[in-house]
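Shown next: my_file-v1.txt, given as compact mmCIF, C-alpha atoms.
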```txt
# COMPACT_ATOMS: atom_id res chain seq x y z
CA ASN A 285 -46.19 -63.07 -252.44
CA ASN A 286 -45.75 -59.71 -254.10
CA ASN A 287 -44.89 -56.50 -252.26
CA ASN A 288 -48.52 -55.44 -251.87
CA ASN A 289 -49.44 -58.76 -250.27
CA ASN A 290 -46.45 -58.43 -247.93
CA LYS A 291 -47.61 -54.97 -246.87
CA GLU A 292 -51.14 -56.23 -246.28
CA GLY A 293 -49.78 -59.19 -244.31
CA THR A 294 -47.61 -56.92 -242.17
CA SER A 295 -50.59 -54.65 -241.45
CA ARG A 296 -52.71 -57.66 -240.60
CA GLU A 297 -50.06 -58.98 -238.21
CA SER A 298 -49.72 -55.56 -236.55
CA LYS A 299 -53.44 -55.56 -235.81
CA ARG A 300 -53.13 -59.08 -234.42
CA LEU A 301 -50.24 -58.03 -232.15
CA SER A 302 -52.28 -55.17 -230.72
CA GLY A 303 -54.63 -57.72 -229.14
CA LEU A 304 -51.92 -59.72 -227.39
CA PRO A 305 -51.63 -59.50 -223.58
CA SER A 306 -48.94 -57.42 -221.95
CA SER A 307 -47.42 -60.43 -220.16
CA PHE A 308 -46.45 -62.03 -223.47
CA LYS A 309 -45.22 -58.76 -224.97
CA LYS A 310 -43.05 -58.29 -221.91
CA SER A 311 -41.54 -61.76 -222.14
CA ALA A 312 -40.81 -61.79 -225.88
CA SER A 313 -39.09 -59.51 -228.33
CA ALA A 314 -40.95 -57.97 -231.26
CA SER A 315 -39.08 -60.15 -233.74
CA SER A 316 -40.13 -63.31 -231.89
CA LEU A 317 -43.75 -62.22 -231.93
CA LEU A 318 -43.62 -61.48 -235.64
CA SER A 319 -41.94 -64.82 -236.28
CA VAL A 320 -44.61 -66.78 -234.40
CA ASN A 321 -47.45 -64.96 -236.12
CA SER A 322 -45.85 -65.19 -239.53
CA PHE A 323 -45.47 -68.92 -238.92
CA ALA A 324 -49.20 -69.08 -238.22
CA SER A 325 -50.05 -67.31 -241.48
CA GLN A 326 -47.42 -68.65 -243.85
CA GLY A 327 -48.01 -71.47 -246.33
CA SER A 328 -46.09 -74.64 -246.87
CA ALA A 329 -43.40 -72.97 -248.96
CA GLY A 330 -40.04 -72.78 -247.27
CA GLU A 331 -41.01 -75.09 -244.39
CA PRO A 332 -38.68 -77.88 -243.28
CA GLU A 333 -39.49 -81.45 -244.08
CA PRO A 334 -41.68 -83.39 -241.62
CA GLY A 335 -39.65 -84.83 -238.78
CA ASP A 336 -36.94 -82.19 -239.14
CA GLY A 337 -36.46 -80.92 -235.58
CA THR A 338 -33.68 -78.53 -236.47
CA GLY A 339 -35.92 -75.93 -238.11
CA GLN A 340 -37.37 -72.81 -236.57
CA HIS A 341 -40.68 -74.56 -236.04
CA LEU A 342 -39.26 -76.33 -232.99
CA VAL A 343 -38.19 -72.98 -231.53
CA TYR A 344 -41.65 -71.52 -232.10
CA VAL A 345 -43.42 -74.55 -230.62
CA ASN A 346 -41.21 -74.58 -227.53
CA PHE A 347 -41.80 -70.88 -227.08
CA LEU A 348 -45.58 -71.22 -227.42
CA VAL A 349 -45.76 -74.21 -225.04
CA LYS A 350 -43.74 -72.35 -222.41
CA TRP A 351 -45.99 -69.33 -222.87
CA VAL A 352 -49.13 -71.41 -222.27
CA GLU A 353 -47.59 -73.05 -219.19
CA LEU A 354 -46.44 -69.82 -217.52
CA PHE A 355 -49.08 -67.31 -218.68
CA TRP A 356 -52.13 -69.54 -219.07
CA THR A 357 -54.39 -66.74 -217.82
CA ASP A 358 -53.67 -64.86 -221.07
CA PHE A 359 -55.81 -67.41 -222.93
CA ARG A 360 -58.81 -67.24 -220.61
CA GLU A 361 -60.87 -64.49 -222.25
CA ASN A 362 -58.78 -63.36 -225.23
CA ARG A 363 -60.22 -64.22 -228.63
CA GLU A 364 -57.12 -63.09 -230.54
CA MET A 365 -54.90 -65.44 -228.57
CA ASN A 366 -57.07 -68.50 -229.13
CA GLU A 367 -57.44 -67.74 -232.84
CA MET A 368 -53.67 -67.55 -233.21
CA VAL A 369 -53.23 -70.94 -231.50
CA GLU A 370 -55.89 -72.50 -233.72
CA ILE A 371 -54.15 -71.22 -236.86
CA ILE A 372 -50.81 -72.61 -235.70
CA LEU A 373 -52.38 -75.99 -234.96
CA ASP A 374 -54.05 -76.08 -238.39
CA ARG A 375 -50.74 -75.34 -240.12
CA LEU A 376 -48.96 -78.04 -238.12
CA HIS A 377 -51.63 -80.61 -238.96
CA ALA A 378 -51.60 -79.65 -242.62
CA ASN A 379 -47.83 -80.21 -242.83
CA SER A 380 -47.74 -83.44 -240.78
CA PHE A 381 -46.02 -81.93 -237.75
CA GLU A 382 -48.08 -84.12 -235.42
CA ARG A 383 -45.61 -84.23 -232.53
CA TYR A 384 -45.46 -80.43 -232.42
CA SER A 385 -49.24 -80.05 -232.56
CA ASN A 386 -49.67 -82.67 -229.83
CA ARG A 387 -47.40 -80.72 -227.48
CA ILE A 388 -49.37 -77.53 -228.00
CA SER A 389 -52.69 -79.36 -227.65
CA LYS A 390 -51.65 -80.95 -224.35
CA ALA A 391 -50.53 -77.56 -223.00
CA MET A 392 -53.87 -76.03 -223.98
CA GLU A 393 -55.74 -78.92 -222.30
CA VAL A 394 -53.89 -78.23 -219.06
CA ALA A 395 -54.75 -74.53 -219.39
CA GLU A 396 -58.44 -75.35 -219.97
CA ARG A 397 -58.39 -77.58 -216.89
CA ARG A 398 -57.02 -74.68 -214.89
CA PHE A 399 -59.80 -72.44 -216.23
CA GLU A 400 -62.40 -74.91 -214.98
CA ILE A 401 -60.82 -75.22 -211.54
CA ALA A 402 -60.54 -71.43 -211.24
CA SER A 403 -64.22 -71.05 -212.14
CA ARG A 404 -65.26 -73.64 -209.55
CA LEU A 405 -63.09 -72.02 -206.89
CA HIS A 406 -64.82 -68.71 -207.54
CA ASP A 407 -68.32 -70.15 -207.76
CA GLY A 408 -67.88 -72.37 -204.68
CA GLY A 409 -68.11 -75.69 -206.50
CA GLY A 410 -66.01 -78.78 -205.96
CA GLY A 411 -63.35 -80.36 -208.11
CA GLY A 412 -63.80 -83.30 -210.41
CA ALA A 413 -62.99 -86.92 -209.79
CA GLY A 414 -59.35 -87.71 -209.61
CA ASP A 415 -58.38 -84.19 -208.51
CA ALA A 416 -58.06 -84.59 -204.76
CA ALA A 417 -56.02 -81.50 -204.00
CA PRO A 418 -58.06 -79.05 -206.15
CA ALA A 419 -61.26 -80.54 -204.76
CA VAL A 420 -60.13 -79.83 -201.21
CA GLY A 421 -59.43 -76.22 -202.03
CA ALA A 422 -62.62 -75.82 -203.98
CA THR A 423 -64.85 -77.34 -201.33
CA ALA A 424 -63.28 -75.34 -198.56
CA SER A 425 -63.75 -72.15 -200.54
CA SER A 426 -67.50 -72.66 -200.44
CA GLY A 427 -67.39 -71.59 -196.77
CA VAL A 428 -64.86 -68.86 -197.33
CA HIS A 429 -67.32 -66.15 -198.23
CA LYS A 430 -69.79 -66.69 -195.36
CA ARG A 431 -69.35 -66.54 -191.63
CA SER A 432 -71.95 -68.00 -189.33
CA ASN A 433 -73.83 -66.03 -186.73
CA THR A 434 -74.81 -69.20 -184.89
CA VAL A 435 -72.74 -71.72 -183.01
CA GLY A 436 -72.21 -74.83 -185.11
CA SER A 437 -70.04 -77.89 -184.76
CA ALA A 438 -67.47 -79.28 -187.17
CA LYS A 439 -67.33 -82.96 -188.04
CA LEU A 440 -63.95 -83.25 -186.32
CA ASP A 441 -62.55 -81.56 -183.27
CA LEU A 442 -59.28 -79.64 -183.51
CA ALA A 443 -58.43 -80.91 -180.02
CA ASP A 444 -58.62 -84.50 -181.34
CA PRO A 445 -55.10 -86.02 -181.07
CA ALA A 446 -55.69 -87.96 -184.30
CA LEU A 447 -55.86 -84.66 -186.19
CA GLY A 448 -52.11 -84.10 -186.42
CA GLU A 449 -50.53 -80.71 -186.86
CA ARG A 450 -48.28 -81.97 -189.67
CA GLY A 451 -51.20 -83.19 -191.76
CA LEU A 452 -53.17 -80.06 -190.98
CA ALA A 453 -50.31 -77.73 -192.01
CA ALA A 454 -49.62 -79.74 -195.18
CA THR A 455 -53.28 -79.68 -196.21
CA ILE A 456 -53.56 -75.95 -195.55
CA THR A 457 -50.46 -75.39 -197.70
CA CYS A 458 -51.85 -77.48 -200.58
CA MET A 459 -55.12 -75.55 -200.50
CA GLU A 460 -53.27 -72.26 -200.23
CA LEU A 461 -51.03 -72.96 -203.21
CA GLU A 462 -54.03 -73.94 -205.32
CA LYS A 463 -55.63 -70.55 -204.69
CA PHE A 464 -52.35 -68.63 -204.94
CA ARG A 465 -51.47 -70.11 -208.34
CA HIS A 466 -54.77 -68.97 -209.84
CA VAL A 467 -54.03 -65.28 -209.17
CA GLY A 468 -53.07 -63.80 -212.54
CA PRO A 469 -50.45 -61.05 -212.92
CA GLU A 470 -53.05 -58.70 -214.37
CA GLU A 471 -55.06 -58.90 -211.14
CA TYR A 472 -52.31 -57.11 -209.24
CA ILE A 473 -52.46 -54.32 -211.82
CA VAL A 474 -56.25 -54.13 -211.55
CA GLN A 475 -55.93 -53.95 -207.77
CA MET A 476 -53.68 -50.91 -208.16
CA GLY A 477 -56.32 -49.19 -210.31
CA TRP A 478 -54.17 -48.83 -213.41
CA LEU A 479 -56.60 -50.32 -215.93
CA SER A 480 -59.49 -48.09 -216.88
CA GLY A 481 -62.92 -49.71 -216.80
CA SER A 482 -61.74 -52.54 -214.58
CA GLY A 483 -63.97 -53.90 -211.86
CA PRO A 484 -63.91 -56.40 -208.99
CA GLY A 485 -64.72 -59.24 -211.40
CA GLN A 486 -61.30 -58.88 -213.01
CA MET A 487 -59.53 -59.66 -209.74
CA ARG A 488 -61.82 -62.39 -208.41
CA ASN A 489 -59.00 -64.87 -207.80
CA LEU A 490 -57.01 -62.30 -205.81
CA THR A 491 -60.13 -61.41 -203.84
CA ALA A 492 -60.80 -65.08 -203.06
CA TYR A 493 -57.21 -65.51 -201.92
CA ILE A 494 -57.46 -62.52 -199.58
CA GLU A 495 -60.73 -63.88 -198.18
CA TRP A 496 -59.01 -67.22 -197.59
CA PHE A 497 -56.41 -65.46 -195.42
CA ASN A 498 -59.11 -63.69 -193.40
CA ASP A 499 -61.09 -66.89 -192.90
CA VAL A 500 -58.09 -68.89 -191.70
CA SER A 501 -57.54 -66.18 -189.11
CA VAL A 502 -61.19 -66.24 -188.02
CA TRP A 503 -61.12 -70.06 -187.94
CA ALA A 504 -58.24 -70.05 -185.45
CA THR A 505 -60.13 -67.65 -183.16
CA THR A 506 -63.40 -69.56 -183.52
CA GLU A 507 -61.88 -72.90 -182.57
CA ILE A 508 -60.65 -71.48 -179.27
CA CYS A 509 -63.94 -69.78 -178.40
CA LEU A 510 -66.07 -72.81 -179.25
CA HIS A 511 -64.76 -74.85 -176.29
CA LYS A 512 -66.19 -74.17 -172.85
CA GLY A 513 -63.67 -76.19 -170.85
CA GLU A 514 -60.31 -74.65 -169.99
CA ALA A 515 -58.42 -77.88 -170.69
CA GLU A 516 -59.95 -78.09 -174.20
CA ARG A 517 -59.14 -74.46 -174.95
CA VAL A 518 -55.56 -74.95 -173.80
CA ALA A 519 -55.26 -78.02 -176.06
CA VAL A 520 -56.57 -76.03 -179.03
CA ILE A 521 -54.17 -73.14 -178.40
CA GLU A 522 -51.22 -75.52 -178.16
CA LYS A 523 -52.37 -77.33 -181.33
CA LEU A 524 -52.55 -74.02 -183.23
CA ILE A 525 -49.08 -73.06 -182.06
CA LYS A 526 -47.78 -76.42 -183.30
CA VAL A 527 -49.57 -75.87 -186.62
CA GLY A 528 -47.85 -72.49 -186.87
CA ARG A 529 -44.52 -74.18 -186.23
CA GLU A 530 -45.16 -76.65 -189.07
CA LEU A 531 -46.28 -73.85 -191.39
CA ARG A 532 -43.00 -72.10 -190.71
CA ARG A 533 -41.13 -75.30 -191.54
CA LEU A 534 -43.05 -75.49 -194.83
CA ARG A 535 -42.36 -71.77 -195.40
CA ASN A 536 -46.06 -71.05 -195.74
CA TYR A 537 -45.77 -67.61 -194.23
CA ASN A 538 -49.18 -66.44 -195.44
CA ALA A 539 -51.07 -69.10 -193.44
CA LEU A 540 -48.65 -68.66 -190.52
CA TYR A 541 -49.45 -64.96 -190.35
CA ALA A 542 -53.19 -65.76 -190.49
CA VAL A 543 -52.95 -68.26 -187.61
CA MET A 544 -50.92 -65.85 -185.48
CA THR A 545 -53.46 -63.11 -186.19
CA GLY A 546 -56.22 -65.43 -184.97
CA LEU A 547 -54.31 -66.23 -181.78
CA ASN A 548 -53.89 -62.52 -181.09
CA HIS A 549 -57.57 -61.68 -181.63
CA GLY A 550 -59.10 -59.63 -178.83
CA ALA A 551 -61.63 -62.34 -178.03
CA VAL A 552 -58.71 -64.73 -177.34
CA THR A 553 -56.16 -62.49 -175.65
CA ARG A 554 -58.67 -61.55 -172.93
CA LEU A 555 -58.87 -65.20 -171.76
CA LYS A 556 -56.28 -64.70 -169.00
CA HIS A 557 -57.06 -67.88 -167.07
CA THR A 558 -56.73 -69.99 -170.24
CA TRP A 559 -53.39 -68.49 -171.25
CA ALA A 560 -52.06 -69.02 -167.73
CA LEU A 561 -52.47 -72.79 -168.22
CA VAL A 562 -50.64 -72.99 -171.57
CA ASN A 563 -47.32 -74.81 -171.38
CA ARG A 564 -44.35 -72.45 -171.20
CA ARG A 565 -42.61 -74.25 -174.04
CA TYR A 566 -45.48 -73.43 -176.38
CA MET A 567 -45.54 -69.86 -175.13
CA ARG A 568 -41.87 -69.54 -176.09
CA GLU A 569 -42.62 -70.95 -179.54
CA LYS A 570 -45.48 -68.49 -179.91
CA ALA A 571 -43.15 -65.63 -178.99
CA GLU A 572 -40.64 -66.81 -181.63
CA LEU A 573 -43.33 -66.94 -184.32
CA GLU A 574 -44.57 -63.49 -183.32
CA THR A 575 -41.02 -62.17 -183.56
CA LEU A 576 -40.72 -63.62 -187.07
CA MET A 577 -43.95 -61.94 -188.22
CA ASP A 578 -43.32 -58.73 -186.28
CA PRO A 579 -44.61 -55.82 -188.42
CA SER A 580 -42.08 -53.36 -186.98
CA HIS A 581 -39.40 -52.01 -189.31
CA ASN A 582 -41.57 -52.93 -192.31
CA PHE A 583 -41.58 -56.69 -191.49
CA ASN A 584 -37.80 -56.76 -191.55
CA ASN A 585 -37.51 -60.19 -189.88
CA PHE A 586 -39.87 -61.83 -192.37
CA ARG A 587 -38.29 -60.14 -195.37
CA SER A 588 -34.80 -61.22 -194.34
CA LEU A 589 -35.88 -64.83 -193.87
CA ILE A 590 -37.77 -65.21 -197.16
CA ARG A 591 -34.99 -63.44 -199.03
CA GLN A 592 -32.51 -65.88 -197.56
CA HIS A 593 -34.42 -69.08 -198.45
CA GLY A 594 -36.43 -68.17 -201.55
CA PRO A 595 -38.84 -70.65 -203.22
CA PRO A 596 -40.52 -72.94 -202.48
CA ALA A 597 -42.46 -70.64 -200.18
CA VAL A 598 -45.78 -68.85 -199.87
CA PRO A 599 -45.23 -65.14 -199.12
CA VAL A 600 -47.62 -62.98 -197.14
CA THR A 601 -50.04 -61.52 -199.66
CA CYS A 602 -50.97 -58.45 -197.61
CA ILE A 603 -47.28 -57.47 -197.46
CA SER A 604 -46.94 -57.87 -201.24
CA LEU A 605 -50.02 -55.72 -201.82
CA LYS A 606 -48.63 -53.17 -199.38
CA ASP A 607 -45.41 -53.00 -201.40
CA LEU A 608 -47.34 -52.51 -204.64
CA THR A 609 -49.41 -49.76 -203.04
CA PHE A 610 -46.22 -48.02 -201.93
CA LEU A 611 -44.77 -48.27 -205.44
CA ASN A 612 -48.01 -46.93 -206.88
CA GLU A 613 -47.65 -43.79 -204.75
CA GLN A 614 -44.54 -42.82 -206.68
CA PRO A 615 -45.12 -40.29 -209.47
CA LYS A 616 -45.61 -41.55 -213.00
CA ARG A 617 -43.65 -38.60 -214.38
CA PHE A 618 -40.97 -36.32 -213.05
CA PRO A 619 -41.51 -32.54 -212.78
CA ASN A 620 -39.72 -32.04 -216.11
CA GLY A 621 -42.21 -34.37 -217.83
CA ALA A 622 -39.86 -37.37 -218.13
CA ILE A 623 -41.41 -40.81 -217.55
CA ASN A 624 -40.48 -42.48 -214.27
CA PHE A 625 -39.36 -45.79 -215.75
CA ARG A 626 -37.93 -46.89 -212.41
CA LYS A 627 -41.46 -47.10 -211.02
CA TRP A 628 -42.65 -49.39 -213.81
CA ARG A 629 -39.56 -51.58 -213.52
CA ASN A 630 -40.04 -51.97 -209.76
CA VAL A 631 -43.72 -52.88 -210.18
CA ALA A 632 -42.86 -55.42 -212.88
CA ALA A 633 -40.13 -56.92 -210.67
CA LYS A 634 -42.57 -57.27 -207.75
CA VAL A 635 -45.22 -59.00 -209.87
CA GLU A 636 -42.58 -61.32 -211.36
CA GLU A 637 -41.44 -62.17 -207.84
CA GLU A 638 -44.99 -63.21 -206.94
CA GLN A 639 -45.13 -65.39 -210.06
CA ARG A 640 -41.86 -67.01 -209.07
CA TYR A 641 -43.36 -68.04 -205.72
CA GLN A 642 -46.54 -69.21 -207.47
CA ARG A 643 -44.42 -71.83 -209.22
CA SER A 644 -43.25 -73.25 -205.88
CA ASN A 645 -43.17 -77.03 -206.03
CA TYR A 646 -43.50 -79.04 -202.82
CA ARG A 647 -42.62 -82.44 -204.23
CA SER A 648 -43.17 -84.50 -201.07
CA LEU A 649 -46.22 -82.58 -199.79
CA THR A 650 -49.48 -84.53 -199.60
CA THR A 651 -52.86 -83.83 -198.08
CA ASP A 652 -54.10 -85.60 -194.96
CA VAL A 653 -57.54 -87.19 -195.29
CA ARG A 654 -58.70 -86.29 -191.78
CA ALA A 655 -57.36 -82.76 -192.10
CA ALA A 656 -59.04 -82.33 -195.47
CA GLN A 657 -62.34 -83.55 -194.04
CA TYR A 658 -62.02 -81.11 -191.15
CA LEU A 659 -60.99 -78.09 -193.26
CA GLN A 660 -63.90 -78.62 -195.63
CA ASN A 661 -66.17 -77.68 -192.70
CA MET A 662 -63.94 -75.48 -190.58
CA PRO A 663 -66.08 -73.28 -188.32
CA LYS A 664 -66.03 -69.49 -188.69
CA LEU A 665 -68.09 -67.23 -186.43
CA ALA A 666 -68.88 -63.55 -186.85
CA ASN A 667 -66.82 -61.07 -184.86
CA LYS A 668 -69.63 -60.05 -182.48
CA LEU A 669 -70.42 -63.66 -181.67
CA LEU A 670 -66.75 -64.36 -180.96
CA TYR A 671 -66.65 -61.63 -178.33
CA ALA A 672 -69.98 -62.78 -176.88
CA ARG A 673 -68.73 -66.36 -176.45
CA SER A 674 -65.45 -65.11 -175.02
CA LYS A 675 -67.34 -63.20 -172.33
CA VAL A 676 -69.42 -66.28 -171.54
CA ILE A 677 -66.30 -68.42 -171.17
CA GLU A 678 -64.55 -65.95 -168.89
CA PRO A 679 -67.03 -63.32 -167.65
CA ARG A 680 -65.82 -59.85 -166.88
CA LYS A 681 -65.39 -59.04 -163.20
CA PRO A 682 -67.59 -56.28 -161.71
CA ALA A 683 -65.96 -52.88 -161.53
CA GLY A 684 -65.63 -52.92 -157.72
CA ILE A 685 -63.98 -56.33 -157.70
CA ARG A 686 -61.58 -55.29 -160.44
CA ARG A 687 -60.51 -52.24 -158.43
CA SER A 688 -60.07 -54.39 -155.30
CA ILE A 689 -57.95 -56.87 -157.25
CA ARG A 690 -55.80 -54.07 -158.65
CA SER A 691 -55.28 -52.58 -155.17
CA ARG A 692 -54.34 -55.97 -153.73
CA ALA A 693 -51.97 -56.57 -156.61
CA SER A 694 -50.29 -53.22 -155.95
CA ALA A 695 -49.94 -54.18 -152.28
CA VAL A 696 -48.30 -57.49 -153.21
CA SER A 697 -45.71 -55.71 -155.36
CA ALA A 698 -45.07 -53.00 -152.71
CA THR A 699 -42.06 -52.64 -150.43
CA PRO A 700 -42.09 -54.18 -146.87
CA SER A 701 -42.93 -50.80 -145.26
CA GLN A 702 -45.76 -50.26 -147.74
CA LYS A 703 -47.11 -53.77 -147.05
CA LYS A 704 -47.09 -53.03 -143.29
CA SER A 705 -49.03 -49.82 -143.87
CA TYR A 706 -51.50 -51.72 -146.08
CA LYS A 707 -52.07 -54.35 -143.36
CA LEU A 708 -52.66 -51.65 -140.73
CA GLN A 709 -55.22 -49.96 -142.95
CA THR A 710 -56.96 -53.28 -143.56
CA CYS A 711 -57.14 -54.04 -139.81
CA ALA A 712 -58.49 -50.58 -138.99
CA GLU A 713 -61.48 -51.23 -141.29
CA ILE A 714 -62.54 -54.40 -139.41
CA THR A 715 -65.84 -54.07 -137.42
CA LEU A 716 -65.51 -55.62 -133.95
CA PRO A 717 -68.36 -57.77 -132.58
CA PRO A 718 -70.40 -56.47 -129.60
CA GLY A 719 -68.59 -56.72 -126.23
CA ALA A 720 -65.18 -57.09 -127.82
CA LYS A 721 -62.43 -54.83 -126.59
CA ALA A 722 -61.20 -52.48 -129.25
CA ILE A 723 -57.50 -52.18 -129.84
CA VAL A 724 -56.19 -48.78 -130.70
CA LEU A 725 -54.06 -49.08 -133.81
CA PRO A 726 -51.50 -46.54 -134.84
CA GLU A 727 -52.52 -44.34 -137.71
CA ALA A 728 -51.14 -45.73 -140.95
CA GLU A 729 -49.21 -43.64 -143.38
CA PRO A 730 -50.92 -43.18 -146.72
CA LEU A 731 -49.71 -45.31 -149.60
CA PRO A 732 -47.68 -43.49 -152.23
CA ALA A 733 -49.42 -42.72 -155.48
CA ALA A 734 -49.14 -45.40 -158.11
```

File written out as structure tokens:
Amino acid sequence: NNNNNNKEGTSRESKRLSGLPSSFKKSASASSLLSVNSFASQGSAGEPEPGDGTGQHLVYVNFLVKWVELFWTDFRENREMNEMVEIILDRLHANSFERYSNRISKAMEVAERRFEIASRLHDGGGGGAGDAAPAVGATASSGVHKRSNTVGSAKLDLADPALGERGLAATITCMELEKFRHVGPEEYIVQMGWLSGSGPGQMRNLTAYIEWFNDVSVWATTEICLHKGEAERVAVIEKLIKVGRELRRLRNYNALYAVMTGLNHGAVTRLKHTWALVNRRYMREKAELETLMDPSHNFNNFRSLIRQHGPPAVPVTCISLKDLTFLNEQPKRFPNGAINFRKWRNVAAKVEEEQRYQRSNYRSLTTDVRAAQYLQNMPKLANKLLYARSKVIEPRKPAGIRRSIRSRASAVSATPSQKKSYKLQTCAEITLPPGAKAIVLPEAEPLPAA
């Protein structure tokens, strides 16, 4: 090519680079980008012989395959990206580099499969045949967006001993990871309001993941309020505590926080008689889990634990979004007009940390068939109905009875002299039957103020 053609080619490549996503620009140098694009546009001159794996083509192919595997969301709705891949594949086919083109084609097929699963998760459809884990997550998501205002019944009962807490926690984690991995890095930026013209549709996977957290919490509360018998409610509470223990063992802190939030719902905490029957061992375990997810000191206990272990783990999404919101409050520029690069670096580091946890690999984790069947139809009631059922299960005492109970409780915890005074007052209020001889009782001293 002459100099004019080189200038035109450089200008053409610059325009092509302007359409590339920020995630790829951030992970590659400018020279690497120019090399990959020049490889897509160059002819056969100067290329290594077929089968020569020592040339730069192998470097480019490895780089492109890794890009598709890690940043597959960049190819979802970007015409420039897909055109560049097609050009590279055409050049590889034309020069008999079949093994290189096959690697890129397989990576793109995996990316397309992920696009389809992400679309079904958002639309509420199920997965295809042969994809058991994605199908579980997709089917369960169909009930994520709606909460019932009527009392229904699930196909299985959480109090059923055959529905083990290990299988339930493992299945929840598989479904959670499937949703978590579909959240793209750009969705965190859209959530912070940095991209102009962005709308809720550009963060649909993040929105679905947040709704999943809320629905797991509501599910835990609903399961307790659905049972009328105290023994059944106690069994459900103990089962949920054991599920929380297994989620902690699997380091699925997001689902653990959701379950603990459901256990601490107002419609559940008011069931005093039910909680009094829960085994003390499970109450101690519940207290330990609450201490781990204690929000005081900016979730210091949770942050220390996840920092100590690292992946594989599922962090708490609401805490990550809280951190990004805090970073977003920092000024973009200093008073002297200088750019606050520390802010951008901290935001990038936080998003990269989320991506690192998205690649968590639980090699021995499998879904339980009974748990999957149950979670596909897990019950979720509206908030008003939860409180209504809670009041039916354990009705509120009338105001006069509540005051009498409080006064008796204060008398039980009083000193011996105060108890004697309370007994004298109680005896003085007794109405004697006709003809009975009244006994003059000494005047009791008033009880001290509470």

Shortest interatomic distance to Tyr344 (chain A) - which of A:Leu649, A:Val467, A:Leu461, A:Ile388, counting only C-alpha atoms:
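Ranked by minimum distance to Tyr344 (chain A), first place goes to A:Ile388.
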
Fewer than 4 positions away in the same chain doesn't count, so skip those; otherwise give me all residues within 12 Å of Glu572 (chain A), counting all atoms listed in the file, as a VMD selection string.
chain A and resid 525 528 to 529 532 544 565 to 568 576 to 578 585 to 586

Skipping near chain neighbours, those fewer than 4 positions away, what residues fall within 8 Å of Ala656 (chain A) using all atoms listed in the file, listed as an NGL selection string?
:A and (420 or 452 or 455 or 651-652 or 660)

I'd like the interatomic distance between CA of Val349 (chain A) and CA of Ala391 (chain A), to a tenth of an Å.
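According to the coordinates, CA of Val349 (chain A) and CA of Ala391 (chain A) are separated by 6.2 Å.
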
Could you tell me how far CA of Lys463 (chain A) sits from CA of Glu495 (chain A), in Å to one decimal place?
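Distance between the two atoms: 10.6 Å.
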
Check the smallest atom-to-atom distance from each of A:Leu354, A:Ala571, A:Ala542, A:Val345 to His466 (chain A) using only C-alpha atoms, then report the winner.
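Comparing A:Leu354, A:Ala571, A:Ala542, A:Val345 against His466 (chain A), the winner is A:Leu354.
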
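Using all atoms listed in the file, the nearest neighbour of Glu522 (chain A) within the list A:His549, A:Arg564, A:Arg554, A:Arg465 is A:Arg564.
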
I'd like the contact shell of Gly546 (chain A) - 12 Å cut-off, all atoms listed in the file, skipping same-chain residues fewer than 5 positions apart - returned as a list in words.
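Listing them by chain and then by number gives Phe497, Asn498, Asp499, Val500, Ser501, Val502, Trp503, Ala504, Thr505, Thr506, Glu507, Ile508, Cys509, Ile521, Leu524, Ile525, Gly528, Ala539, Leu540, Tyr541, Ala551, Val552, Thr553, Glu574, Lys664, Asn667 and Leu670 of chain A.
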
May I have the residues within 10 Å of Thr601 (chain A) as an MDAnalysis selection string, using only C-alpha atoms and disregarding those fewer than 6 positions away in the same chain?
chainID A and resid 464 490 493:494 497 537:539 541 607 638

Given the selection you just returned, output its residues as a file containing C-alpha atoms, formatted as a compact mmCIF listing (two decimals), in the coordinates of the input.
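Saved file again06.txt follows:
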```
# COMPACT_ATOMS: atom_id res chain seq x y z
CA PHE A 464 -52.35 -68.63 -204.94
CA LEU A 490 -57.01 -62.30 -205.81
CA TYR A 493 -57.21 -65.51 -201.92
CA ILE A 494 -57.46 -62.52 -199.58
CA PHE A 497 -56.41 -65.46 -195.42
CA TYR A 537 -45.77 -67.61 -194.23
CA ASN A 538 -49.18 -66.44 -195.44
CA ALA A 539 -51.07 -69.10 -193.44
CA TYR A 541 -49.45 -64.96 -190.35
CA ASP A 607 -45.41 -53.00 -201.40
CA GLU A 638 -44.99 -63.21 -206.94
```

Near-Glu514 (chain A) list (9 Å; all atoms listed in the file; drop same-chain fewer than 4 positions) as a short mmCIF file (atom, residue, chain, number, x, y, z; two decimals) with C-alpha atoms, keeping the file's coordinate frame:
```cif
data_model
loop_
_atom_site.label_atom_id
_atom_site.label_comp_id
_atom_site.auth_asym_id
_atom_site.auth_seq_id
_atom_site.Cartn_x
_atom_site.Cartn_y
_atom_site.Cartn_z
CA VAL A 518 -55.56 -74.95 -173.80
CA ALA A 519 -55.26 -78.02 -176.06
CA HIS A 557 -57.06 -67.88 -167.07
CA THR A 558 -56.73 -69.99 -170.24
CA LEU A 561 -52.47 -72.79 -168.22
CA ILE A 677 -66.30 -68.42 -171.17
#
```

Quick one: of A:Trp559, A:Ser588, A:Leu665, A:Pro599, who's nearest to Glu516 (chain A), counting all atoms listed in the file?
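Under the stated criterion, the closest residue is A:Trp559.
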
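CA of Asp358 (chain A) to CA of Tyr384 (chain A) spans 20.9 Å [interatomic distance, one decimal].
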
Smallest atom-to-atom distance to Asn536 (chain A): which of A:Val676, A:Leu611, A:Ile473, A:Ala453, using all atoms listed in the file?
A:Ala453

For each of A:Val520, A:Thr457, A:Leu659, A:Ala492, take the minimum atom-to-atom distance to Asp444 (chain A), counting only C-alpha atoms, then give the residue where this is smallest.
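The closest residue to Asp444 (chain A) is A:Val520.
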